[in-house]
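Visitor: Dropping a structure here in structure tokens format, bear with me for questions.
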Amino acid sequence: RPAPLWLFGDQLGPHFHSTPENRDREVLLIRSAAAFARRPYHRQKIHLVEAGIRRLAADLGDRARIIDAPTYSEGLRRFRRPVVVHEPGSHAAEALVRRLRGRGLVVDVLPTPGFVLSKQVFSSWAANRRRFLMEDFYRDQRRRFGVLLEPDGGPVGGKWNFDHENRRPPPGRSTLPVPAPYLPTEDDVDEQVRADLDRAVRDGEIHPVGVDGPRRFAVSQAEAEQALSRFLDHRLATFGPHQDAMLSADWAMSHALLSVPLNLGLLDPVDVIRQAEQRYRSGAAPLASVEGFVRQILGWREWVWHLYWHRGPDYLKNNELRAHQKLPRWWRELDADSVEAACLRTALAGVRDRGYAHHIERLMVLGNHALQRGYDPAELTGWFATAFVDGFPWVMPANVIGMSQYADGGVVATKPYAAGGAYLNRMSDHCGGCAFNPRKRVGHDACPFTAGYWAFLDRNAHRLRGNPRMRQPLEGLRRLADLPDVVARESRRDRF
Ligand code: FAD
């Protein structure tokens, strides 16, 4: 008999367990009590992973075995048979697998099907490369896997990137006129998970943040397929144009809401991309939307994964802007009600209520605030990894350290994603009813993002001077007559 397959909680789909190579293997799932005990994970995140493991065990029936153990090593010891495993998703898990292999408990490590490109091919792509841009990587991915190409090898529609068509401000209405996203129906498994988590909280075994809520994301193969079809058939066509916009009354807008099933390993990214392309080929969705979506999965998601391995664990120590502020308590505890700035309150409430905020809320509201206030990038990375339902170790460094906090000094982002209230006012409907005025940088109603922007530039001017993309903002800073006043007030600000 082939060696059993040990699956981590983010390897739950058929492209892991039911390939020709694996379908005859027994499947081992270990629920480690330590996994969620150490840090304050969002309650709904723990629920999703727990429900996903239990659903898979139920779907596989006799083929699967769940072992509860204090640690993975102990679980494997109790299982008593050597296993094979797919490449795991974190440096810590990789080191663990290496140790277990040394002890003979793991006999083989198979490549991960959770991403399209293998680590080996990325390494040769990256070797000796001086220009390190996601856009170059993405175009090579399209060529390599033949996605959205003309027969002559060029991009369909004559362009690789339709980003400029996807940056529209919000329409003049409170919600986007798009069909609702897929929402799962809870069942007995959810009920058991909820009862078990209630008990674990009561007994002090876990200390989650966020509210419990109806489960909003897919945790089984059947649900993931439904979530994907719902998106492709009803929402892909409108994905794109308002991707960068924010509406207070519309948390989902036209976003895919697929990061959970993708990151739990329920959806095969190759299949997701092929199906999206097919919607363009059949005329069901316009090219700008399909290309925009493909870029997220075949470009960004893959880029972020490979940078995690390529840059190694020390990347997390980057702190180019010397930001050392501890995260305030209201932030860590997701106390959105104590926040006055409407954009920040809405994004933080989304995290509290759903463990989710869409990309622009993460980057231009939460990340932007943290950047302006000088929050410690490593602590912030830990926060994003635990407070979001789709947070996993590999996805954080490039997104938080690199893109959102500019802590790597420009490897991932060519300039800091810092923006004032004018940007937020243009791209959202938040400012109208807000206690602060996006045009004001001093006074009791000065917008914390507008004033925070100038204070951030002032604090970091000497570090950003060499960046050509910062020349214009730094010139603006020099012309600001009231700068000393702004900086002094912002250093004392206690209302956000
Ligand atoms: P959509 O906006 O509809 O995009 C479709 C898919 O593309 C996503 O499901 C995701 O799988 C992929 N994708 C797009 N951009 C990225 C990216 N930059 N990195 C990885 N995948 C991407 N994504 C996570 O999956 N988990 C996280 O914990 C996470 N934290 C983030 C933190 C910060 C500060 C920032 C700036 C981005 C983060 N992202 C994270 C990336 C992105 O914001 C989310 O993938 C996206 O918001 C998930 O919602 P969606 O499925 O509706 O995605």
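Residue numbering restarts at 1 in every chain; chains get A, B, ... in the order shown in the structure tokens, and ligands count up from 1 in that same order.
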Throw together the list of residues within 8 Å of ligand 1, counting only C-alpha atoms and all ligand atoms, and drop it here as a ChimeraX atom specification.
Guide: /A:239,243,252,254-260,262-263,293-297,300-305,356-360,362-364,366-367,384-385,388-392,395-396,398-400,403-404
Visitor: Please write the residues from the selection above to a file, keeping N, CA and C atoms, as a tab-separated table (two decimals), in the first residue's frame.
Guide:
chain	number	residue	atom	x	y	z
A	239	PHE	N	-16.36	42.62	-12.25
A	239	PHE	CA	-15.11	42.69	-11.47
A	239	PHE	C	-14.22	43.69	-12.19
A	243	GLN	N	-12.87	48.24	-8.64
A	243	GLN	CA	-12.02	47.45	-7.75
A	243	GLN	C	-11.34	48.29	-6.67
A	252	ALA	N	-18.87	43.79	0.09
A	252	ALA	CA	-18.35	42.81	-0.87
A	252	ALA	C	-18.13	43.42	-2.25
A	254	SER	N	-17.82	44.07	-5.92
A	254	SER	CA	-17.76	42.99	-6.92
A	254	SER	C	-16.51	42.13	-6.73
A	255	HIS	N	-16.03	42.08	-5.49
A	255	HIS	CA	-14.83	41.28	-5.23
A	255	HIS	C	-15.18	39.79	-5.30
A	256	ALA	N	-14.13	38.99	-5.51
A	256	ALA	CA	-14.36	37.56	-5.76
A	256	ALA	C	-14.73	36.79	-4.49
A	257	LEU	N	-14.24	37.25	-3.34
A	257	LEU	CA	-14.43	36.55	-2.06
A	257	LEU	C	-13.99	35.09	-2.17
A	258	LEU	N	-12.89	34.88	-2.87
A	258	LEU	CA	-12.38	33.52	-3.07
A	258	LEU	C	-11.07	33.26	-2.34
A	259	SER	N	-10.57	34.25	-1.60
A	259	SER	CA	-9.27	34.05	-0.96
A	259	SER	C	-9.32	32.92	0.08
A	260	VAL	N	-10.45	32.76	0.76
A	260	VAL	CA	-10.53	31.68	1.77
A	260	VAL	C	-10.48	30.31	1.09
A	262	LEU	N	-9.38	29.56	-1.78
A	262	LEU	CA	-8.07	29.39	-2.43
A	262	LEU	C	-6.99	29.07	-1.39
A	263	ASN	N	-6.99	29.84	-0.29
A	263	ASN	CA	-5.91	29.66	0.69
A	263	ASN	C	-6.10	28.42	1.56
A	293	PHE	N	-8.84	39.97	-13.15
A	293	PHE	CA	-8.97	38.85	-12.22
A	293	PHE	C	-7.81	37.86	-12.37
A	294	VAL	N	-7.48	37.54	-13.62
A	294	VAL	CA	-6.37	36.61	-13.87
A	294	VAL	C	-5.09	37.18	-13.27
A	295	ARG	N	-4.90	38.50	-13.41
A	295	ARG	CA	-3.67	39.10	-12.84
A	295	ARG	C	-3.60	38.91	-11.33
A	296	GLN	N	-4.76	38.96	-10.66
A	296	GLN	CA	-4.76	38.77	-9.20
A	296	GLN	C	-4.27	37.38	-8.83
A	297	ILE	N	-4.74	36.38	-9.59
A	297	ILE	CA	-4.44	34.99	-9.21
A	297	ILE	C	-3.10	34.52	-9.80
A	300	TRP	N	-0.42	38.36	-8.86
A	300	TRP	CA	-0.18	38.74	-7.46
A	300	TRP	C	-0.07	37.58	-6.49
A	301	ARG	N	-1.05	36.68	-6.56
A	301	ARG	CA	-1.04	35.60	-5.56
A	301	ARG	C	0.22	34.75	-5.68
A	302	GLU	N	0.61	34.46	-6.91
A	302	GLU	CA	1.82	33.65	-7.12
A	302	GLU	C	3.08	34.42	-6.71
A	303	TRP	N	3.11	35.69	-7.03
A	303	TRP	CA	4.26	36.56	-6.73
A	303	TRP	C	4.51	36.61	-5.24
A	304	VAL	N	3.41	36.81	-4.51
A	304	VAL	CA	3.49	36.92	-3.05
A	304	VAL	C	3.98	35.59	-2.43
A	305	TRP	N	3.51	34.48	-2.95
A	305	TRP	CA	3.93	33.15	-2.49
A	305	TRP	C	5.43	32.95	-2.74
A	356	TYR	N	-12.78	40.13	7.38
A	356	TYR	CA	-12.53	40.44	5.97
A	356	TYR	C	-12.64	41.94	5.74
A	357	ALA	N	-11.75	42.46	4.92
A	357	ALA	CA	-11.88	43.80	4.36
A	357	ALA	C	-11.34	43.66	2.95
A	358	HIS	N	-11.85	44.41	1.99
A	358	HIS	CA	-11.34	44.18	0.63
A	358	HIS	C	-10.00	44.88	0.44
A	359	HIS	N	-9.40	44.62	-0.70
A	359	HIS	CA	-7.99	44.99	-0.90
A	359	HIS	C	-7.71	46.47	-0.61
A	360	ILE	N	-8.57	47.34	-1.10
A	360	ILE	CA	-8.28	48.77	-0.94
A	360	ILE	C	-8.46	49.20	0.52
A	362	ARG	N	-7.72	47.23	2.99
A	362	ARG	CA	-6.50	46.74	3.64
A	362	ARG	C	-5.32	47.66	3.36
A	363	LEU	N	-5.21	48.06	2.07
A	363	LEU	CA	-4.02	48.80	1.66
A	363	LEU	C	-4.14	50.30	1.97
A	364	MET	N	-5.25	50.90	1.58
A	364	MET	CA	-5.33	52.36	1.61
A	364	MET	C	-6.01	52.91	2.86
A	366	LEU	N	-6.44	50.64	6.29
A	366	LEU	CA	-5.75	50.05	7.44
A	366	LEU	C	-4.23	50.18	7.30
A	367	GLY	N	-3.71	49.75	6.15
A	367	GLY	CA	-2.26	49.81	5.93
A	367	GLY	C	-1.76	51.25	5.91
A	384	PHE	N	-2.30	41.15	10.86
A	384	PHE	CA	-3.02	40.79	9.63
A	384	PHE	C	-3.16	39.27	9.52
A	385	ALA	N	-2.11	38.54	9.92
A	385	ALA	CA	-2.12	37.08	9.76
A	385	ALA	C	-3.17	36.43	10.66
A	388	PHE	N	-7.46	38.21	10.06
A	388	PHE	CA	-8.20	38.04	8.81
A	388	PHE	C	-8.49	36.56	8.54
A	389	VAL	N	-9.66	36.29	8.00
A	389	VAL	CA	-10.01	34.89	7.74
A	389	VAL	C	-9.12	34.26	6.68
A	390	ASP	N	-8.55	35.08	5.79
A	390	ASP	CA	-7.71	34.50	4.73
A	390	ASP	C	-6.22	34.69	5.01
A	391	GLY	N	-5.86	35.06	6.24
A	391	GLY	CA	-4.46	35.31	6.57
A	391	GLY	C	-3.69	34.01	6.79
A	392	PHE	N	-2.61	33.84	6.08
A	392	PHE	CA	-1.71	32.70	6.27
A	392	PHE	C	-0.28	33.23	6.20
A	395	VAL	N	1.32	34.69	2.92
A	395	VAL	CA	0.69	35.80	2.19
A	395	VAL	C	1.02	37.16	2.82
A	396	MET	N	1.55	37.13	4.06
A	396	MET	CA	1.71	38.39	4.78
A	396	MET	C	2.94	39.22	4.39
A	398	ALA	N	5.02	39.88	1.84
A	398	ALA	CA	5.05	40.75	0.65
A	398	ALA	C	3.94	41.80	0.73
A	399	ASN	N	2.77	41.39	1.24
A	399	ASN	CA	1.65	42.33	1.28
A	399	ASN	C	1.81	43.38	2.37
A	400	VAL	N	2.29	42.96	3.53
A	400	VAL	CA	2.34	43.91	4.66
A	400	VAL	C	3.71	44.60	4.73
A	403	MET	N	4.35	45.64	0.35
A	403	MET	CA	3.44	46.56	-0.33
A	403	MET	C	2.90	47.64	0.60
A	404	SER	N	2.39	47.25	1.75
A	404	SER	CA	1.65	48.24	2.51
A	404	SER	C	2.54	49.10	3.43
Visitor: Taking the backbone alone, and naming residues the way the document does, which bits of range 147-306 of chain A are strand (DSSP E or B) by DSSP, as number ranges by chain?
Guide: A: 149, 155, 209, 246-247, 250
Visitor: Name the closest residue to Asp250 in chain A among the candidates A:Glu87, A:Glu475, A:Asp429, A:Asp62; distances are taken between atoms, counting only C-alpha atoms.
Guide: A:Asp429
Visitor: Hey, what's within 8 Å of range 184-197 of chain A if we count only C-alpha atoms and toss same-chain stuff fewer than 2 positions away? As a list in words, please?
Guide: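 Contacts, with the query itself left out: His47, Glu50, Ala51, Arg54, Arg55, Tyr182, Arg199, Ala200, Val201, Pro214, Arg215, Arg216, Phe217, Ala218 and Glu223 of chain A.
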Visitor: Take CA of Phe449 in chain A and CA of Val211 in chain A and report the distance between them in Å, one decimal.
Guide: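 Going from CA of Phe449 in chain A over to CA of Val211 in chain A, I get 27.2 Å.
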Visitor: Residues near Pro155 in chain A, anyone? I mean within 12 Å using only C-alpha atoms, not counting same-chain ones fewer than 3 positions away, as a PyMOL selection string.
Guide: chain A and resi 138-143+146-152+158-162+287+291
Visitor: Could you check how far CA of Gly172 in chain A sits from CA of Ala342 in chain A, in Å to one decimal?
Guide: 17.8 Å
Visitor: Extract, using only C-alpha atoms, all DNA, RNA and protein residues at most 12 Å from Leu232 in chain A, discarding same-chain residues fewer than 2 positions from it, and format them as a ChimeraX atom specification.
Guide: /A:179,181-182,225-230,234-239,254-258,271-280,284-286,289-290,293-294
Visitor: Could you write out the selected residues, including C-alpha atoms, as a PDB file, in the first residue's frame?
Guide:
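Saved result, part-v4.pdb, follows:
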ATOM      1  CA  PRO A 179     -25.704  40.120  -8.052  1.00  0.00           C
ATOM      2  CA  PRO A 181     -22.074  36.869  -3.685  1.00  0.00           C
ATOM      3  CA  TYR A 182     -22.318  33.190  -2.771  1.00  0.00           C
ATOM      4  CA  GLU A 225     -17.152  25.027  -6.512  1.00  0.00           C
ATOM      5  CA  GLN A 226     -20.435  26.843  -5.922  1.00  0.00           C
ATOM      6  CA  ALA A 227     -18.639  29.988  -4.731  1.00  0.00           C
ATOM      7  CA  LEU A 228     -16.429  29.927  -7.825  1.00  0.00           C
ATOM      8  CA  SER A 229     -19.316  29.404 -10.272  1.00  0.00           C
ATOM      9  CA  ARG A 230     -21.355  32.093  -8.605  1.00  0.00           C
ATOM     10  CA  HIS A 234     -22.616  36.459 -12.091  1.00  0.00           C
ATOM     11  CA  ARG A 235     -19.907  38.770 -10.791  1.00  0.00           C
ATOM     12  CA  LEU A 236     -16.794  38.420 -12.932  1.00  0.00           C
ATOM     13  CA  ALA A 237     -18.264  40.642 -15.646  1.00  0.00           C
ATOM     14  CA  THR A 238     -18.414  43.537 -13.196  1.00  0.00           C
ATOM     15  CA  PHE A 239     -15.109  42.693 -11.470  1.00  0.00           C
ATOM     16  CA  SER A 254     -17.763  42.991  -6.922  1.00  0.00           C
ATOM     17  CA  HIS A 255     -14.833  41.282  -5.230  1.00  0.00           C
ATOM     18  CA  ALA A 256     -14.361  37.561  -5.755  1.00  0.00           C
ATOM     19  CA  LEU A 257     -14.433  36.546  -2.060  1.00  0.00           C
ATOM     20  CA  LEU A 258     -12.385  33.525  -3.072  1.00  0.00           C
ATOM     21  CA  ASP A 271      -8.701  25.579 -12.820  1.00  0.00           C
ATOM     22  CA  VAL A 272      -9.838  29.007 -11.563  1.00  0.00           C
ATOM     23  CA  ILE A 273      -7.727  30.749 -14.212  1.00  0.00           C
ATOM     24  CA  ARG A 274      -8.819  28.451 -17.056  1.00  0.00           C
ATOM     25  CA  GLN A 275     -12.470  28.887 -16.173  1.00  0.00           C
ATOM     26  CA  ALA A 276     -12.107  32.671 -16.011  1.00  0.00           C
ATOM     27  CA  GLU A 277     -10.404  32.712 -19.409  1.00  0.00           C
ATOM     28  CA  GLN A 278     -13.195  30.594 -20.816  1.00  0.00           C
ATOM     29  CA  ARG A 279     -15.707  33.265 -19.713  1.00  0.00           C
ATOM     30  CA  TYR A 280     -13.828  35.766 -21.862  1.00  0.00           C
ATOM     31  CA  ALA A 284     -19.648  36.084 -21.032  1.00  0.00           C
ATOM     32  CA  ALA A 285     -17.281  38.629 -19.447  1.00  0.00           C
ATOM     33  CA  PRO A 286     -15.279  41.548 -20.876  1.00  0.00           C
ATOM     34  CA  SER A 289     -12.498  42.235 -16.023  1.00  0.00           C
ATOM     35  CA  VAL A 290     -11.123  38.807 -16.890  1.00  0.00           C
ATOM     36  CA  PHE A 293      -8.972  38.850 -12.216  1.00  0.00           C
ATOM     37  CA  VAL A 294      -6.369  36.607 -13.874  1.00  0.00           C
TER      38      VAL A 294
END
Visitor: As a ChimeraX atom specification, please: all residues of range 180-264 of chain A that backbone DSSP puts in helix (DSSP H, G or I).
Guide: /A:188-202,221-238,259-263
Visitor: Go ahead and compute the interatomic distance for CA of Phe436 in chain A and CA of Gln372 in chain A, in Å to one decimal.
Guide: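 Answer for the CA of Phe436 in chain A to CA of Gln372 in chain A separation: 16.7 Å.
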